[in-house]
$ cat query_28.txt   # compact mmCIF, C-alpha atoms
# COMPACT_ATOMS: atom_id res chain seq x y z
CA MET A 29 20.70 -54.76 -34.85
CA SER A 30 22.68 -53.43 -37.78
CA GLN A 31 22.03 -50.27 -39.73
CA GLY A 32 19.39 -50.75 -42.41
CA GLN A 33 18.26 -54.13 -41.06
CA GLY A 34 15.43 -52.91 -38.88
CA ILE A 35 14.81 -53.62 -35.20
CA THR A 36 14.44 -57.37 -34.87
CA ARG A 37 13.90 -57.64 -31.09
CA GLU A 38 12.34 -55.70 -28.27
CA LEU A 39 14.65 -52.96 -27.01
CA SER A 40 15.12 -52.06 -23.38
CA LEU A 41 14.26 -48.55 -22.19
CA GLY A 42 17.93 -47.54 -22.31
CA GLU A 43 18.32 -48.98 -25.81
CA VAL A 44 15.28 -47.04 -27.07
CA VAL A 45 16.76 -43.79 -25.73
CA SER A 46 20.20 -44.63 -27.15
CA LYS A 47 18.79 -45.56 -30.56
CA THR A 48 16.74 -42.36 -30.62
CA PHE A 49 19.79 -40.17 -30.11
CA ASP A 50 21.77 -42.26 -32.60
CA LEU A 51 19.17 -41.68 -35.34
CA TYR A 52 18.93 -38.00 -34.43
CA ARG A 53 22.70 -37.59 -34.63
CA ARG A 54 22.89 -39.46 -37.93
CA ASP A 55 20.39 -37.15 -39.68
CA PHE A 56 20.78 -34.08 -37.47
CA ALA A 57 20.95 -31.60 -40.36
CA LYS A 58 17.77 -32.97 -41.97
CA TYR A 59 15.76 -32.84 -38.75
CA LEU A 60 17.09 -29.37 -37.95
CA VAL A 61 16.11 -27.97 -41.35
CA LEU A 62 12.66 -29.55 -41.25
CA PHE A 63 11.74 -28.36 -37.76
CA ALA A 64 13.44 -24.97 -38.10
CA VAL A 65 11.48 -24.13 -41.26
CA VAL A 66 8.16 -25.26 -39.82
CA GLY A 67 9.04 -23.60 -36.50
CA ALA A 68 9.79 -20.29 -38.23
CA ILE A 69 6.44 -20.39 -40.04
CA THR A 70 4.45 -21.20 -36.90
CA GLY A 71 6.46 -18.67 -34.89
CA VAL A 72 5.72 -15.85 -37.33
CA LEU A 73 2.02 -16.70 -37.58
CA THR A 74 1.66 -17.06 -33.81
CA THR A 75 3.37 -13.70 -33.27
CA LEU A 76 1.00 -12.05 -35.76
CA VAL A 77 -1.98 -13.57 -33.95
CA GLN A 78 -0.71 -12.35 -30.57
CA ARG A 79 -0.16 -8.84 -31.89
CA ALA A 80 -3.63 -8.82 -33.45
CA PHE A 81 -5.36 -9.90 -30.22
CA ILE A 82 -3.59 -8.17 -27.34
CA LEU A 83 -5.01 -9.12 -23.96
CA PRO A 84 -6.21 -6.05 -22.04
CA VAL A 85 -4.57 -5.46 -18.66
CA PRO A 86 -7.02 -5.48 -15.72
CA PRO A 87 -7.48 -2.06 -14.10
CA ALA A 88 -5.47 -1.47 -10.93
CA ASN A 89 -7.47 -1.45 -7.69
CA ALA A 90 -10.60 -2.15 -9.72
CA THR A 91 -14.00 -2.24 -8.12
CA PRO A 92 -16.15 -5.35 -8.70
CA GLN A 93 -18.12 -3.50 -11.35
CA GLN A 94 -14.98 -2.32 -13.13
CA PHE A 95 -13.63 -5.87 -13.08
CA LEU A 96 -16.88 -7.20 -14.56
CA ASN A 97 -16.71 -4.54 -17.27
CA TRP A 98 -13.14 -5.63 -18.07
CA LEU A 99 -13.95 -9.35 -18.45
CA PRO A 100 -15.83 -9.21 -21.81
CA GLY A 101 -12.92 -7.45 -23.50
CA PHE A 102 -10.46 -9.93 -21.98
CA PHE A 103 -12.32 -13.01 -23.17
CA GLY A 104 -13.08 -11.31 -26.48
CA ALA A 105 -9.31 -11.23 -27.14
CA LEU A 106 -8.39 -14.47 -25.35
CA ILE A 107 -10.74 -16.82 -27.22
CA PRO A 108 -9.67 -15.92 -30.78
CA LEU A 109 -6.03 -15.80 -29.62
CA VAL A 110 -6.18 -19.35 -28.28
CA VAL A 111 -8.25 -20.72 -31.17
CA LEU A 112 -6.04 -19.25 -33.89
CA SER A 113 -2.83 -20.30 -32.09
CA VAL A 114 -4.12 -23.87 -31.86
CA ILE A 115 -5.13 -23.83 -35.53
CA VAL A 116 -1.65 -22.67 -36.55
CA ALA A 117 -0.05 -25.47 -34.51
CA VAL A 118 -2.46 -28.15 -35.76
CA VAL A 119 -2.04 -27.14 -39.40
CA PHE A 120 1.76 -26.97 -39.56
CA SER A 121 3.17 -29.20 -36.79
CA PRO A 122 2.02 -32.47 -38.45
CA VAL A 123 4.28 -31.71 -41.41
CA SER A 124 7.41 -31.76 -39.25
CA VAL A 125 6.26 -34.56 -36.94
CA GLY A 126 5.05 -36.75 -39.81
CA GLY A 127 8.22 -36.08 -41.78
CA ALA A 128 10.36 -36.98 -38.75
CA VAL A 129 8.49 -40.27 -38.22
CA LYS A 130 8.93 -41.16 -41.89
CA MET A 131 12.64 -40.29 -41.87
CA ALA A 132 13.28 -42.29 -38.70
CA SER A 133 11.38 -45.24 -40.17
CA GLU A 134 13.35 -45.11 -43.41
CA GLU A 135 16.62 -44.90 -41.48
CA ILE A 136 15.69 -47.90 -39.34
CA VAL A 137 14.46 -50.04 -42.22
CA LYS A 138 16.66 -48.97 -45.14
CA GLY A 139 19.62 -47.26 -43.49
CA GLN A 140 19.00 -43.92 -45.23
CA ALA A 141 16.33 -41.22 -45.23
CA ASP A 142 15.21 -38.69 -47.84
CA LEU A 143 14.05 -35.37 -46.35
CA GLY A 144 12.09 -34.23 -49.41
CA ALA A 145 10.31 -37.55 -49.88
CA SER A 146 9.48 -37.73 -46.17
CA VAL A 147 7.95 -34.24 -46.17
CA ARG A 148 5.91 -35.01 -49.29
CA PHE A 149 4.69 -38.22 -47.68
CA ALA A 150 3.67 -36.35 -44.50
CA ILE A 151 1.79 -33.75 -46.54
CA SER A 152 -0.08 -36.52 -48.39
CA LYS A 153 -1.26 -37.81 -45.00
CA LEU A 154 -2.13 -34.42 -43.48
CA VAL A 155 -5.90 -34.88 -43.41
CA TRP A 156 -5.64 -38.22 -41.59
CA ILE A 157 -3.03 -36.81 -39.18
CA TRP A 158 -5.33 -33.88 -38.40
CA VAL A 159 -8.28 -36.19 -37.76
CA LEU A 160 -6.20 -38.49 -35.55
CA SER A 161 -4.77 -35.50 -33.66
CA ILE A 162 -8.24 -34.14 -32.96
CA VAL A 163 -9.73 -37.50 -31.92
CA VAL A 164 -6.84 -38.49 -29.65
CA GLY A 165 -6.54 -34.95 -28.29
CA VAL A 166 -10.22 -34.75 -27.33
CA ILE A 167 -10.14 -38.20 -25.69
CA VAL A 168 -6.98 -37.49 -23.69
CA VAL A 169 -8.12 -34.00 -22.59
CA ALA A 170 -11.47 -35.43 -21.51
CA GLY A 171 -9.62 -38.04 -19.46
CA LEU A 172 -7.40 -35.39 -17.87
CA ILE A 173 -10.40 -33.26 -16.98
CA ALA A 174 -12.18 -36.27 -15.47
CA LEU A 175 -9.58 -37.54 -13.00
CA VAL A 176 -6.16 -36.84 -14.55
CA VAL A 177 -5.07 -40.47 -14.27
CA PRO A 178 -7.45 -41.68 -17.03
CA GLY A 179 -6.01 -38.99 -19.29
CA VAL A 180 -2.47 -40.24 -18.65
CA ILE A 181 -3.55 -43.83 -19.34
CA LEU A 182 -5.27 -42.81 -22.57
CA ALA A 183 -2.21 -40.82 -23.67
CA ILE A 184 -0.04 -43.91 -23.14
CA MET A 185 -2.60 -46.14 -24.86
CA PHE A 186 -2.64 -44.08 -28.04
CA SER A 187 1.01 -42.94 -27.97
CA LEU A 188 1.95 -45.09 -30.99
CA ALA A 189 -1.11 -44.24 -33.09
CA PHE A 190 0.79 -41.74 -35.22
CA PRO A 191 3.65 -44.09 -36.18
CA VAL A 192 1.05 -46.77 -36.97
CA LEU A 193 -0.92 -44.37 -39.16
CA LEU A 194 2.17 -43.32 -41.12
CA ILE A 195 4.13 -46.58 -41.26
CA GLU A 196 1.37 -49.15 -41.60
CA ASN A 197 -0.96 -46.87 -43.58
CA ARG A 198 -3.98 -47.65 -41.40
CA GLY A 199 -7.11 -45.62 -40.73
CA VAL A 200 -7.68 -43.52 -37.64
CA SER A 201 -9.64 -46.07 -35.59
CA GLU A 202 -7.39 -48.92 -36.72
CA SER A 203 -4.29 -46.93 -35.75
CA MET A 204 -5.70 -46.34 -32.28
CA ARG A 205 -6.56 -50.02 -31.79
CA ARG A 206 -3.15 -51.08 -33.09
CA SER A 207 -1.42 -48.63 -30.72
CA ARG A 208 -3.31 -50.08 -27.78
CA LYS A 209 -2.22 -53.57 -28.77
CA LEU A 210 1.42 -52.52 -29.17
CA VAL A 211 1.69 -50.97 -25.69
CA ASP A 212 -0.34 -53.72 -24.02
CA HIS A 213 1.65 -55.30 -21.15
CA ARG A 214 4.18 -52.45 -21.50
CA TRP A 215 2.26 -49.66 -19.73
CA LEU A 216 4.95 -48.88 -17.15
CA LYS A 217 7.73 -48.99 -19.74
CA THR A 218 5.77 -46.66 -22.04
CA PHE A 219 5.12 -44.27 -19.16
CA ALA A 220 8.81 -44.33 -18.17
CA LEU A 221 9.90 -43.63 -21.75
CA THR A 222 7.42 -40.76 -21.98
CA LEU A 223 8.63 -39.35 -18.67
CA VAL A 224 12.29 -39.48 -19.77
CA PHE A 225 11.64 -37.44 -22.89
CA VAL A 226 9.22 -35.07 -21.14
CA ILE A 227 12.02 -34.20 -18.72
CA ILE A 228 14.54 -33.78 -21.56
CA ILE A 229 12.16 -31.57 -23.53
CA ALA A 230 11.19 -29.54 -20.44
CA VAL A 231 14.82 -28.78 -19.57
CA ALA A 232 15.68 -27.91 -23.17
CA SER A 233 12.55 -25.76 -23.48
CA ALA A 234 13.42 -23.83 -20.31
CA ILE A 235 16.90 -23.10 -21.68
CA VAL A 236 15.51 -21.99 -25.05
CA SER A 237 12.90 -19.78 -23.34
CA ALA A 238 15.64 -18.08 -21.32
CA ILE A 239 17.65 -17.47 -24.49
CA SER A 240 14.70 -16.18 -26.54
CA GLY A 241 13.16 -14.04 -23.78
CA PRO A 242 15.24 -10.89 -24.41
CA PHE A 243 14.07 -10.76 -28.05
CA GLY A 244 10.77 -9.13 -27.05
CA TRP A 245 8.00 -9.40 -29.65
CA ALA A 246 10.21 -11.71 -31.75
CA SER A 247 10.74 -14.16 -28.87
CA ASN A 248 8.10 -16.55 -30.24
CA ILE A 249 9.87 -16.75 -33.58
CA VAL A 250 13.29 -17.30 -31.98
CA ARG A 251 11.87 -19.89 -29.57
CA SER A 252 10.14 -21.79 -32.38
CA ILE A 253 13.33 -21.93 -34.46
CA LEU A 254 15.57 -22.96 -31.55
CA SER A 255 13.09 -25.66 -30.54
CA ALA A 256 14.15 -27.48 -33.71
CA LEU A 257 17.19 -28.59 -31.70
CA TYR A 258 15.18 -30.85 -29.39
CA VAL A 259 11.58 -31.31 -30.61
CA PRO A 260 12.54 -34.00 -33.22
CA LEU A 261 13.46 -36.36 -30.36
CA ILE A 262 9.79 -37.12 -29.62
CA PRO A 263 8.73 -38.47 -33.06
CA ILE A 264 12.04 -40.31 -33.42
CA ALA A 265 11.60 -41.97 -30.02
CA LEU A 266 8.02 -42.98 -30.84
CA THR A 267 9.18 -44.52 -34.12
CA VAL A 268 11.95 -46.51 -32.43
CA TYR A 269 9.55 -47.65 -29.73
CA TYR A 270 6.98 -48.63 -32.38
CA TYR A 271 9.45 -50.94 -34.13
CA SER A 272 10.58 -52.34 -30.77
CA ASN A 273 7.02 -53.34 -29.92
CA VAL A 274 6.34 -54.69 -33.40
CA ALA A 275 9.36 -56.96 -32.95
CA ARG A 276 8.10 -58.00 -29.50
CA LEU A 277 4.67 -58.99 -30.83
CA ALA A 278 6.23 -60.82 -33.78
CA THR A 279 8.44 -62.84 -31.43
CA LEU A 280 5.45 -63.57 -29.20
CA GLN A 281 3.35 -64.75 -32.14
CA VAL A 282 6.11 -67.01 -33.40
CA SER A 283 6.65 -68.55 -29.95
CA GLN A 284 2.92 -69.18 -29.52
CA ALA A 285 2.29 -70.51 -33.02
CA PRO A 286 1.74 -74.29 -33.26
CA ILE A 287 4.44 -76.24 -35.03
CA ALA A 288 3.12 -77.08 -38.50
CA PRO A 289 4.44 -79.60 -40.97
CA ALA A 290 7.01 -78.20 -43.37
CA ALA A 291 4.61 -78.84 -46.24
CA ALA A 292 2.17 -76.30 -44.75
CA VAL A 293 4.49 -73.47 -45.78
CA GLN A 294 4.02 -72.70 -49.44
CA ALA A 295 7.02 -73.31 -51.64
CA GLY A 296 8.95 -70.19 -52.48
CA MET A 297 7.64 -68.32 -49.43
CA LYS A 298 9.33 -66.96 -46.29
CA PHE A 299 8.36 -65.05 -43.16
CA CYS A 300 9.36 -61.51 -42.17
CA PRO A 301 11.65 -61.73 -39.08
CA SER A 302 10.10 -58.55 -37.62
CA CYS A 303 6.33 -59.05 -37.92
CA GLY A 304 5.94 -62.65 -39.12
CA THR A 305 4.12 -61.77 -42.37
CA GLN A 306 4.41 -64.43 -45.07
CA LEU A 307 6.27 -63.11 -48.12
CA ALA A 308 7.58 -64.31 -51.43
CA SER A 309 11.12 -65.64 -51.14
CA SER A 310 12.29 -62.92 -53.55
CA ALA A 311 10.83 -60.04 -51.49
CA THR A 312 13.40 -57.41 -50.48
CA PHE A 313 11.19 -55.56 -48.01
CA CYS A 314 8.22 -56.64 -45.91
CA SER A 315 4.94 -55.43 -47.40
CA LYS A 316 3.50 -54.87 -43.92
CA CYS A 317 6.22 -53.35 -41.71
CA GLY A 318 8.82 -52.41 -44.33
CA THR A 319 11.72 -54.33 -42.77
CA ARG A 320 14.54 -55.27 -45.16
CA GLN A 321 14.59 -59.03 -45.67
CA PRO A 322 17.74 -61.14 -45.23
$ encode --input "query_28.txt" --output "structure tokens"
Amino acid sequence: MSQGQGITRELSLGEVVSKTFDLYRRDFAKYLVLFAVVGAITGVLTTLVQRAFILPVPPANATPQQFLNWLPGFFGALIPLVVLSVIVAVVFSPVSVGGAVKMASEEIVKGQADLGASVRFAISKLVWIWVLSIVVGVIVVAGLIALVVPGVILAIMFSLAFPVLLIENRGVSESMRRSRKLVDHRWLKTFALTLVFVIIIAVASAIVSAISGPFGWASNIVRSILSALYVPLIPIALTVYYYSNVARLATLQVSQAPIAPAAAVQAGMKFCPSCGTQLASSATFCSKCGTRQP
């Protein structure tokens, strides 16, 4: 698995983690700039929202009637606070996440990534990312509310929908179906990978929260900027895992394909080693998965 040659076989859990950190280290400055800028914007906007809708403190030793009188004011501030905070996150986060997926993909396939081009590409896909985020988010939350376990299963099932959407240029429903196919027979591995990075992010987030806490009203801004040090790991890991599963399915398809006479393959054609797509012999990159051709 050489740089710029793509991922041509399924990676183990340890290899996915190792490859993720390798890609992050290789383009650390680019990921840091991307997530720090977006983090600063979301941090400022979130702080403004929180200062505009300050939650009232419940009265001390309140009677039942006083508590009931306090509730309308509390929910009157809480609802717009939550709604606007979610809107800020949904509007701006896809730019950094989509840009990170594109950069990781370019690094895996071509051996180099362009920050500006990746951001422009993510912006061009914003509407579809928003739609996919809403659809997957509603489904997963509904599953969590139902019995928790279904929500976890659904989150695993659709975990690769975003890389599929951005790398394979598929629609929302197609991306979700493709994600389900990619993680099929790899549920435990996908869960384990998710758990590893959830723990990493949780520890890093706790450290950042402790550092940003003393900054008072500006703590959200500081926390959002510092989170640029660890948040890129998630989209990078998903991209690496996507290519690992694409390679697994390609190998499976090749092993299951019936042996055909040599004449059945059109002259001047070849097959992509990653996904098995038939290509012209002169093709440099696969038209489906983007892997550089030998």
$ residues_around --input "query_28.txt" --residues "stretch 52-59 of chain A" --least-positions-apart "6" --cutoff "12 Å" --atoms "all atoms listed in the file" --output "PyMOL selection string"
chain A and resi 31+45-46+65-67+123-136+139-147+253+255-265+267-268
$ closest_residue --input "query_28.txt" --among "A:Trp156, A:Ile162, A:Val176, A:Leu216" --to "A:Glu202" --atoms "all atoms listed in the file"
A:Trp156
$ closest_residue --input "query_28.txt" --among "A:Val137, A:Val200, A:Leu99, A:Val180" --to "A:Pro322" --atoms "only C-alpha atoms"
A:Val137
$ closest_residue --input "query_28.txt" --among "A:Ala150, A:Leu51, A:Val236, A:Ile181" --to "A:Ile195" --atoms "all atoms listed in the file"
A:Ala150
$ closest_atom_pairs --input "query_28.txt" --of "stretch 36-94 of chain A" --to "stretch 271-281 of chain A" --cutoff "7 Å" --atoms "only C-alpha atoms" --output "CSV"
residue,atom,partner,partner_atom,distance
A:Thr36,CA,A:Ala275,CA,5.4
A:Arg37,CA,A:Ala275,CA,5.0
A:Glu38,CA,A:Ser272,CA,4.5
A:Leu39,CA,A:Ser272,CA,5.6
$ residues_around --input "query_28.txt" --residues "A:Leu182" --least-positions-apart "3" --cutoff "10 Å" --atoms "only C-alpha atoms" --output "ChimeraX atom specification"
/A:164-165,167-172,177-179,185-187,208
$ write_last_selection --input "query_28.txt" --atoms "C-alpha atoms" --output "mmCIF file, keeping the file's coordinate frame"
data_model
loop_
_atom_site.group_PDB
_atom_site.id
_atom_site.type_symbol
_atom_site.label_atom_id
_atom_site.label_comp_id
_atom_site.auth_asym_id
_atom_site.auth_seq_id
_atom_site.Cartn_x
_atom_site.Cartn_y
_atom_site.Cartn_z
ATOM 1 C CA VAL A 164 -6.840 -38.490 -29.650
ATOM 2 C CA GLY A 165 -6.540 -34.950 -28.290
ATOM 3 C CA ILE A 167 -10.140 -38.200 -25.690
ATOM 4 C CA VAL A 168 -6.980 -37.490 -23.690
ATOM 5 C CA VAL A 169 -8.120 -34.000 -22.590
ATOM 6 C CA ALA A 170 -11.470 -35.430 -21.510
ATOM 7 C CA GLY A 171 -9.620 -38.040 -19.460
ATOM 8 C CA LEU A 172 -7.400 -35.390 -17.870
ATOM 9 C CA VAL A 177 -5.070 -40.470 -14.270
ATOM 10 C CA PRO A 178 -7.450 -41.680 -17.030
ATOM 11 C CA GLY A 179 -6.010 -38.990 -19.290
ATOM 12 C CA MET A 185 -2.600 -46.140 -24.860
ATOM 13 C CA PHE A 186 -2.640 -44.080 -28.040
ATOM 14 C CA SER A 187 1.010 -42.940 -27.970
ATOM 15 C CA ARG A 208 -3.310 -50.080 -27.780
#
$ atom_distance --input "query_28.txt" --atom1 "atom CA of A:Ile107" --atom2 "atom CA of A:Pro84"
12.8 Å
$ closest_residue --input "query_28.txt" --among "A:Val77, A:Val166, A:Ala64, A:Val85" --to "A:Ala183" --atoms "all atoms listed in the file"
A:Val166
$ atom_distance --input "query_28.txt" --atom1 "atom CA of A:Ile157" --atom2 "atom CA of A:Phe190"
7.4 Å
$ atom_distance --input "query_28.txt" --atom1 "atom CA of A:Trp215" --atom2 "atom CA of A:Ala232"
25.8 Å
$ closest_residue --input "query_28.txt" --among "A:Gly241, A:Gly199, A:Gly42, A:Gly34" --to "A:Lys138" --atoms "only C-alpha atoms"
A:Gly34
$ decode --input "query_28.txt" --residues "stretch 65-76 of chain A" --atoms "N, CA and C atoms" --output "PDB file, in the first residue's frame"
ATOM      1  N   VAL A  65     -10.609  27.540  11.278  1.00  0.00           N
ATOM      2  CA  VAL A  65     -11.393  28.640  10.699  1.00  0.00           C
ATOM      3  C   VAL A  65     -12.882  28.386  10.880  1.00  0.00           C
ATOM      4  N   VAL A  66     -13.326  27.184  10.507  1.00  0.00           N
ATOM      5  CA  VAL A  66     -14.745  26.854  10.655  1.00  0.00           C
ATOM      6  C   VAL A  66     -15.121  26.842  12.139  1.00  0.00           C
ATOM      7  N   GLY A  67     -14.227  26.332  12.990  1.00  0.00           N
ATOM      8  CA  GLY A  67     -14.487  26.307  14.421  1.00  0.00           C
ATOM      9  C   GLY A  67     -14.616  27.701  15.013  1.00  0.00           C
ATOM     10  N   ALA A  68     -13.781  28.627  14.545  1.00  0.00           N
ATOM     11  CA  ALA A  68     -13.856  30.008  15.031  1.00  0.00           C
ATOM     12  C   ALA A  68     -15.194  30.641  14.651  1.00  0.00           C
ATOM     13  N   ILE A  69     -15.636  30.384  13.421  1.00  0.00           N
ATOM     14  CA  ILE A  69     -16.912  30.949  12.962  1.00  0.00           C
ATOM     15  C   ILE A  69     -18.076  30.394  13.779  1.00  0.00           C
ATOM     16  N   THR A  70     -18.114  29.063  13.921  1.00  0.00           N
ATOM     17  CA  THR A  70     -19.205  28.456  14.691  1.00  0.00           C
ATOM     18  C   THR A  70     -19.133  28.851  16.164  1.00  0.00           C
ATOM     19  N   GLY A  71     -17.912  28.978  16.692  1.00  0.00           N
ATOM     20  CA  GLY A  71     -17.760  29.380  18.090  1.00  0.00           C
ATOM     21  C   GLY A  71     -18.288  30.780  18.349  1.00  0.00           C
ATOM     22  N   VAL A  72     -17.974  31.701  17.456  1.00  0.00           N
ATOM     23  CA  VAL A  72     -18.452  33.086  17.603  1.00  0.00           C
ATOM     24  C   VAL A  72     -19.964  33.146  17.509  1.00  0.00           C
ATOM     25  N   LEU A  73     -20.528  32.482  16.491  1.00  0.00           N
ATOM     26  CA  LEU A  73     -21.978  32.507  16.298  1.00  0.00           C
ATOM     27  C   LEU A  73     -22.711  31.829  17.455  1.00  0.00           C
ATOM     28  N   THR A  74     -22.165  30.719  17.942  1.00  0.00           N
ATOM     29  CA  THR A  74     -22.793  30.029  19.068  1.00  0.00           C
ATOM     30  C   THR A  74     -22.750  30.885  20.329  1.00  0.00           C
ATOM     31  N   THR A  75     -21.645  31.583  20.536  1.00  0.00           N
ATOM     32  CA  THR A  75     -21.530  32.474  21.695  1.00  0.00           C
ATOM     33  C   THR A  75     -22.545  33.612  21.607  1.00  0.00           C
ATOM     34  N   LEU A  76     -22.716  34.183  20.421  1.00  0.00           N
ATOM     35  CA  LEU A  76     -23.706  35.248  20.231  1.00  0.00           C
ATOM     36  C   LEU A  76     -25.118  34.743  20.516  1.00  0.00           C
TER      37      LEU A  76
END
